[in-house]
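One structure is given here, and the rest of the page talks about it.
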Amino acid sequence: MTANSVLIAGAGIAGLTAALALARRGIGVTLIEQAEKLGEAGAGIQLSPNATRVLVALGLGERLKATIVEPFAIRVRAGRSGREIATMRLDTAMPDRYGAPYWVIHRADLQKALIEAIADEPQIALMLGATVDGFAIDPAGVRARVSFQTLGSPAKRVDYGAAALIGADGLWSRLRALLGDGAAPRFAGRIAFRAIVPAAPLSAQDRAPVVNLWIGAGGHLVHYPVRAGAAVNIVAVCGDQWQSPAWSTGAGREEVLARFPAAAWAAAARELLATPDHWRKWALYDREQSAPWGRGPVTLLGDAAHPMLPFLAQGAAMAIEDAAVLARELARSPADYAAALRHYERERWPRTARVQREARRNDVRYHLRQPAAFIRDAMLRAAGGPRLLARYDWIYRWRP
Ligand SMILES: Cc1cc2nc3c(=O)[nH]c(=O)nc-3n(C[C@H](O)[C@H](O)[C@H](O)COP(=O)(O)OP(=O)(O)OC[C@H]3O[C@@H](n4cnc5c(N)ncnc54)[C@H](O)[C@@H]3O)c2cc1C
C-alpha cells in the first residue's frame, strides 16, 4: 500500500465510483466488500445530468453506451384516470440547459461498467468477502480491522493501514456507528415493489423512451425502459408496515395488485402491474445525517452518509457526486487528508441534506388524496413541463 492510499469499505455504486475517481487522480485504493461476489442487485435507476456528467468525465460514457436509454421526457399521469398531467421534455433540455444527458439504466449494467473500469486500473485492489468491522486512528493515518469469513472456520482478522478510510457501506453503515452515530435508519412506512420485464410484449406507450410517473392516493408508480430498450423497469410504491433491513425480498403479482386496487388505479396502470411474474420488495428507510460525518482521516460517502427516500431519484446520483468531490479534495491536499475530508464534508452536507428534504416533500406531494390531489394536479398542469423541469435546475446543474 502506498503512503497516500485510501481504504474504502463497500463496493456499491458509491464505493466503486469513489475508487475510480480517486485512481483517476493518481491515488491508490483498496476497495473492501463484504459480499463474496458483486451480484446483480437492484433494478433500474435514473441518472440525472449531475451524475452522468461525473460518469462521462470518468470515461464511462463509451462503456455505458450499449446499455443506457436516454428518455425524451418525464411524463406525469394521474393514477386514477390515467390522464396526463404534465410532460417535461428532456431531449432538448438536457444538452442545452444542463450540458449532460439524462440516462435510465439497470443498476447491474452500471455496476458492471464500473467494475470493468476498475479492473483496468492498476491503482485499485478489490477485496471481496472482506468486512471492515473496526478502525483505529494513528499518527500515520488509520488502521482498519478487516475480517475474512471462510465457511466453517473462525473469521480471520487482518489490520490494514492507510492514509484515509471511507465508509461507503450503505444505509446500515457499520462505519457510521463506529464513528459514534449508532442511531438506526427510520422506517418510512412505505415499501417499493420492483420488477424488470421484457419490453417486447408491452404496448408501444409502455416501451417508449419515457420516464412515466403515475401519482395516486397513497401510492405512485414509475416505469421506464432499460437495457437499451430491451426491458422495462417498474417501481410501485405504497404505504405498508412490512419492514426488513434486507436489500430485497420476493413478492407476488396478487400482493402488488391488491395495493393498487381498480377503484383507485387506471386499468392501464394495473395492466402493467400485472405483467411481472415476480417482484422484489424493499422497505424504505430515511435517516438524518450525522453531524459531522467523519473524524480525522475517516469519513462517509453515499447512503452511509445521507440515506434518502427514492422519491427524487437521487440516492445514487448523490453518491456519484460525493465521489467526484472526495477525489478532488484528497488530490488537492495530499499532505493533510483529515483537512481534505472536512472540506469534502462541508461541501457535501448542505446539498445532500437539501436533496433528502426535497425527497421527503415528494413523499407528501406524490401521495395526496382528494381534494388536495385535485389542487396539486391543477397546479402542475398550470405550471407546465418547462417550469416543472426548471424546479430541478439546482440539482441537475451541479458540477464538481
Ligand atoms: C426503490 C429504489 C429506487 C431507487 N431509484 C434511484 C434512482 O432512480 N436514481 C438514483 O440515483 N438512486 C436511486 N435509488 C437509490 C440508490 O439505489 C442508492 O442510493 C445507492 O444504491 C446507494 O449506493 P451505496 O453504494 O451508497 O450503498 P449500497 O448499494 O448499499 O452499497 C453498500 C455496499 O457496502 C457493502 N458493505 C456493507 N457493510 C460493509 C462493511 N462493513 N465492510 C465492507 N463492505 C460492506 C455492502 O455489501 C454493499 O455492497 C433508489 C433506491 C431504491 C430503494
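If you're wondering about the labels, chains in the C-alpha cells are A, B, ... by order shown, residues count from 1 in each chain, ligands from 1 in order shown.
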Using backbone DSSP assignments, extract all helix (DSSP H, G or I) residues from region 1-72 of chain A; output them as a ChimeraX atom specification.
-> /A:13-24,49-57,61-65
Within 6 Å of ligand 1, counting only C-alpha atoms and all ligand atoms: which residues, as a PDB file with C-alpha atoms, in the first residue's frame?
```
ATOM      1  CA  ALA A   9     -15.435  -0.070   2.862  1.00  0.00           C
ATOM      2  CA  GLY A  10     -18.232  -1.121   0.496  1.00  0.00           C
ATOM      3  CA  ALA A  11     -18.293  -1.659  -3.261  1.00  0.00           C
ATOM      4  CA  GLY A  12     -21.799  -0.411  -4.087  1.00  0.00           C
ATOM      5  CA  ILE A  13     -22.258   2.395  -6.609  1.00  0.00           C
ATOM      6  CA  ALA A  14     -20.732   4.801  -4.043  1.00  0.00           C
ATOM      7  CA  GLY A  15     -17.586   2.780  -3.297  1.00  0.00           C
ATOM      8  CA  ILE A  32     -13.133  -3.868   0.594  1.00  0.00           C
ATOM      9  CA  GLU A  33     -16.513  -5.516   0.028  1.00  0.00           C
ATOM     10  CA  GLN A  34     -18.208  -7.922   2.393  1.00  0.00           C
ATOM     11  CA  ALA A  35     -20.069  -9.811  -0.354  1.00  0.00           C
ATOM     12  CA  ILE A  45     -32.069   3.630 -11.749  1.00  0.00           C
ATOM     13  CA  GLN A  46     -32.399   7.075 -13.232  1.00  0.00           C
ATOM     14  CA  LEU A  47     -29.198   9.043 -13.616  1.00  0.00           C
ATOM     15  CA  THR A 131     -15.711  -6.852   6.091  1.00  0.00           C
ATOM     16  CA  VAL A 132     -14.381  -3.713   7.733  1.00  0.00           C
ATOM     17  CA  ASP A 133     -15.507  -4.044  11.341  1.00  0.00           C
ATOM     18  CA  ALA A 168     -19.273   3.598   1.627  1.00  0.00           C
ATOM     19  CA  ASP A 169     -21.074   0.788   3.411  1.00  0.00           C
ATOM     20  CA  GLY A 170     -24.652   1.779   2.746  1.00  0.00           C
ATOM     21  CA  LEU A 171     -27.837   2.528   4.674  1.00  0.00           C
ATOM     22  CA  SER A 173     -23.360   1.612   7.779  1.00  0.00           C
ATOM     23  CA  ARG A 174     -21.122  -0.028  10.366  1.00  0.00           C
ATOM     24  CA  ALA A 192     -41.249  -0.246  -3.076  1.00  0.00           C
ATOM     25  CA  GLY A 302     -23.180   7.594  -0.388  1.00  0.00           C
ATOM     26  CA  ASP A 303     -26.093   6.065   1.547  1.00  0.00           C
ATOM     27  CA  ALA A 304     -23.842   5.640   4.591  1.00  0.00           C
ATOM     28  CA  PRO A 310     -36.028   7.384  -3.530  1.00  0.00           C
ATOM     29  CA  ALA A 313     -34.273   9.507  -7.832  1.00  0.00           C
ATOM     30  CA  GLN A 314     -31.093  10.993  -6.367  1.00  0.00           C
ATOM     31  CA  GLY A 315     -29.564   8.436  -3.940  1.00  0.00           C
ATOM     32  CA  ALA A 316     -27.012   7.008  -6.362  1.00  0.00           C
ATOM     33  CA  ALA A 317     -26.590  10.407  -8.046  1.00  0.00           C
ATOM     34  CA  ALA A 319     -23.095   9.101  -4.147  1.00  0.00           C
TER      35      ALA A 319
END
```
Shell around region 282-299 of chain A at 7 Å using only C-alpha atoms, local window under 4 positions removed, as a ChimeraX atom specification = /A:141-142,163-167,179,181,185-188,190-193,242-244,247-249,305-309,337-338,341,345
Prev. selection, C-alpha atoms, output as a compact mmCIF listing (two decimals), in the first residue's frame:
```txt
# COMPACT_ATOMS: atom_id res chain seq x y z
CA GLY A 141 -3.44 7.71 9.26
CA VAL A 142 -5.79 4.88 10.11
CA ALA A 163 -3.91 7.34 4.89
CA ALA A 164 -7.72 7.53 4.94
CA LEU A 165 -10.73 5.26 5.41
CA ILE A 166 -14.02 5.90 3.60
CA GLY A 167 -17.23 4.24 4.77
CA LEU A 179 -17.73 6.93 14.18
CA ASP A 181 -23.61 7.69 15.46
CA PRO A 185 -32.43 4.36 10.00
CA ARG A 186 -36.14 5.12 10.42
CA PHE A 187 -38.71 3.04 8.54
CA ALA A 188 -40.68 5.42 6.31
CA ARG A 190 -43.59 2.72 2.67
CA ILE A 191 -42.42 -0.14 0.52
CA ALA A 192 -41.25 -0.25 -3.08
CA PHE A 193 -42.08 -3.22 -5.32
CA TRP A 242 -43.79 -4.54 6.35
CA GLN A 243 -40.20 -3.90 7.38
CA SER A 244 -36.93 -5.59 6.55
CA TRP A 247 -31.86 -5.33 0.31
CA SER A 248 -34.99 -7.02 -1.03
CA THR A 249 -37.48 -9.87 -0.61
CA ALA A 305 -23.63 9.43 4.85
CA HIS A 306 -27.05 10.51 3.58
CA PRO A 307 -29.63 7.76 3.14
CA MET A 308 -32.66 9.15 1.35
CA LEU A 309 -36.11 8.24 0.18
CA TYR A 337 -6.12 14.10 4.32
CA ALA A 338 -8.02 14.92 7.52
CA LEU A 341 -12.11 15.24 4.32
CA GLU A 345 -17.96 17.08 4.22
```
Using only C-alpha atoms, which of A:Pro371, A:Met127, A:Val232, A:Ser333 sits nearest Glu36 (chain A)?
->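 When distances to Glu36 (chain A) are compared using only C-alpha atoms, the smallest one comes from A:Met127.
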Mind giving me the straight-line distance from CA of Ile320 (chain A) to CA of Pro71 (chain A) in Å, one decimal?
->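 Atom-to-atom, CA of Ile320 (chain A) and CA of Pro71 (chain A) are spaced 20.3 Å apart.
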Distance query Gly189 (chain A) at most 7 Å, only C-alpha atoms, self and fewer than 4 positions along chain excluded, as JSON, numbers by chain | {"A": [239, 240, 241]}
Those same residues - C-alpha atoms - I'd like them written as an mmCIF file, in the first residue's frame.
```cif
data_model
loop_
_atom_site.group_PDB
_atom_site.id
_atom_site.type_symbol
_atom_site.label_atom_id
_atom_site.label_comp_id
_atom_site.auth_asym_id
_atom_site.auth_seq_id
_atom_site.Cartn_x
_atom_site.Cartn_y
_atom_site.Cartn_z
ATOM 1 C CA GLY A 239 -47.846 2.642 2.276
ATOM 2 C CA ASP A 240 -47.176 -0.520 4.287
ATOM 3 C CA GLN A 241 -45.923 -1.661 7.671
#
```
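Excluding region 97-100 of chain A and any residue on its chain fewer than 4 positions from it, the residues at most 7 Å away by only C-alpha atoms are Pro49, Thr52, Arg53, Ala93, Tyr396 and Arg397 of chain A.
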Would you kindly return, as a PDB file with C-alpha atoms, in the first residue's frame, each protein, DNA or RNA residue with an atom no farther than 10 Å from any atom of region 105-112 of chain A, considering only C-alpha atoms and excluding same-chain residues fewer than 4 positions away?
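Now in result-v6.pdb:
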```pdb
ATOM      1  CA  ALA A  11     -18.293  -1.659  -3.261  1.00  0.00           C
ATOM      2  CA  GLY A  12     -21.799  -0.411  -4.087  1.00  0.00           C
ATOM      3  CA  ILE A  13     -22.258   2.395  -6.609  1.00  0.00           C
ATOM      4  CA  LEU A  16     -16.964   1.736  -6.908  1.00  0.00           C
ATOM      5  CA  THR A  17     -17.311   5.295  -8.239  1.00  0.00           C
ATOM      6  CA  LEU A  38     -20.742  -8.483  -6.716  1.00  0.00           C
ATOM      7  CA  GLY A  39     -24.166  -9.751  -7.778  1.00  0.00           C
ATOM      8  CA  GLU A  40     -26.829  -8.207  -9.984  1.00  0.00           C
ATOM      9  CA  ALA A  41     -28.581  -6.476  -7.108  1.00  0.00           C
ATOM     10  CA  GLY A  42     -31.225  -3.829  -7.626  1.00  0.00           C
ATOM     11  CA  ALA A  43     -33.256  -2.865 -10.632  1.00  0.00           C
ATOM     12  CA  GLY A  44     -33.427   0.259 -12.792  1.00  0.00           C
ATOM     13  CA  ILE A  45     -32.069   3.630 -11.749  1.00  0.00           C
ATOM     14  CA  GLN A  46     -32.399   7.075 -13.232  1.00  0.00           C
ATOM     15  CA  LEU A  47     -29.198   9.043 -13.616  1.00  0.00           C
ATOM     16  CA  LEU A  55     -19.580   9.311 -15.083  1.00  0.00           C
ATOM     17  CA  LEU A  60     -17.554   5.597 -18.623  1.00  0.00           C
ATOM     18  CA  ARG A  63     -18.735   1.531 -21.744  1.00  0.00           C
ATOM     19  CA  LEU A  64     -22.304   2.502 -20.844  1.00  0.00           C
ATOM     20  CA  ALA A  66     -24.727  -0.009 -25.237  1.00  0.00           C
ATOM     21  CA  THR A  67     -26.944  -0.329 -22.155  1.00  0.00           C
ATOM     22  CA  ILE A  68     -28.421   3.076 -21.373  1.00  0.00           C
ATOM     23  CA  VAL A  69     -31.659   4.617 -22.595  1.00  0.00           C
ATOM     24  CA  GLU A  70     -31.924   8.395 -22.993  1.00  0.00           C
ATOM     25  CA  GLU A 116     -14.621  -3.275 -15.711  1.00  0.00           C
ATOM     26  CA  ALA A 117     -13.146   0.218 -15.471  1.00  0.00           C
ATOM     27  CA  ILE A 118     -11.726  -0.664 -12.048  1.00  0.00           C
ATOM     28  CA  ILE A 196     -37.896  -5.832 -14.713  1.00  0.00           C
ATOM     29  CA  TYR A 224     -39.095   3.317 -17.926  1.00  0.00           C
ATOM     30  CA  PRO A 225     -37.101   1.182 -20.358  1.00  0.00           C
ATOM     31  CA  VAL A 226     -33.606  -0.082 -19.505  1.00  0.00           C
ATOM     32  CA  ARG A 227     -31.043  -2.404 -21.166  1.00  0.00           C
ATOM     33  CA  ALA A 228     -31.034  -0.322 -24.346  1.00  0.00           C
ATOM     34  CA  GLY A 229     -34.817  -0.634 -24.538  1.00  0.00           C
ATOM     35  CA  ALA A 231     -36.549  -4.402 -20.819  1.00  0.00           C
ATOM     36  CA  VAL A 232     -38.799  -2.170 -18.764  1.00  0.00           C
ATOM     37  CA  ASN A 233     -38.198  -1.328 -15.117  1.00  0.00           C
ATOM     38  CA  ALA A 316     -27.012   7.008  -6.362  1.00  0.00           C
TER      39      ALA A 316
END
```
Hey, what's within 9 Å of region 377-379 of chain A if we count only C-alpha atoms and toss same-chain stuff fewer than 3 positions away? As a list in words, please?
->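 Here the answer would be Ala78, Ile85, Ala86, Ala372, Ala373, Phe374, Ala382, Ala383 and Gly384 of chain A.
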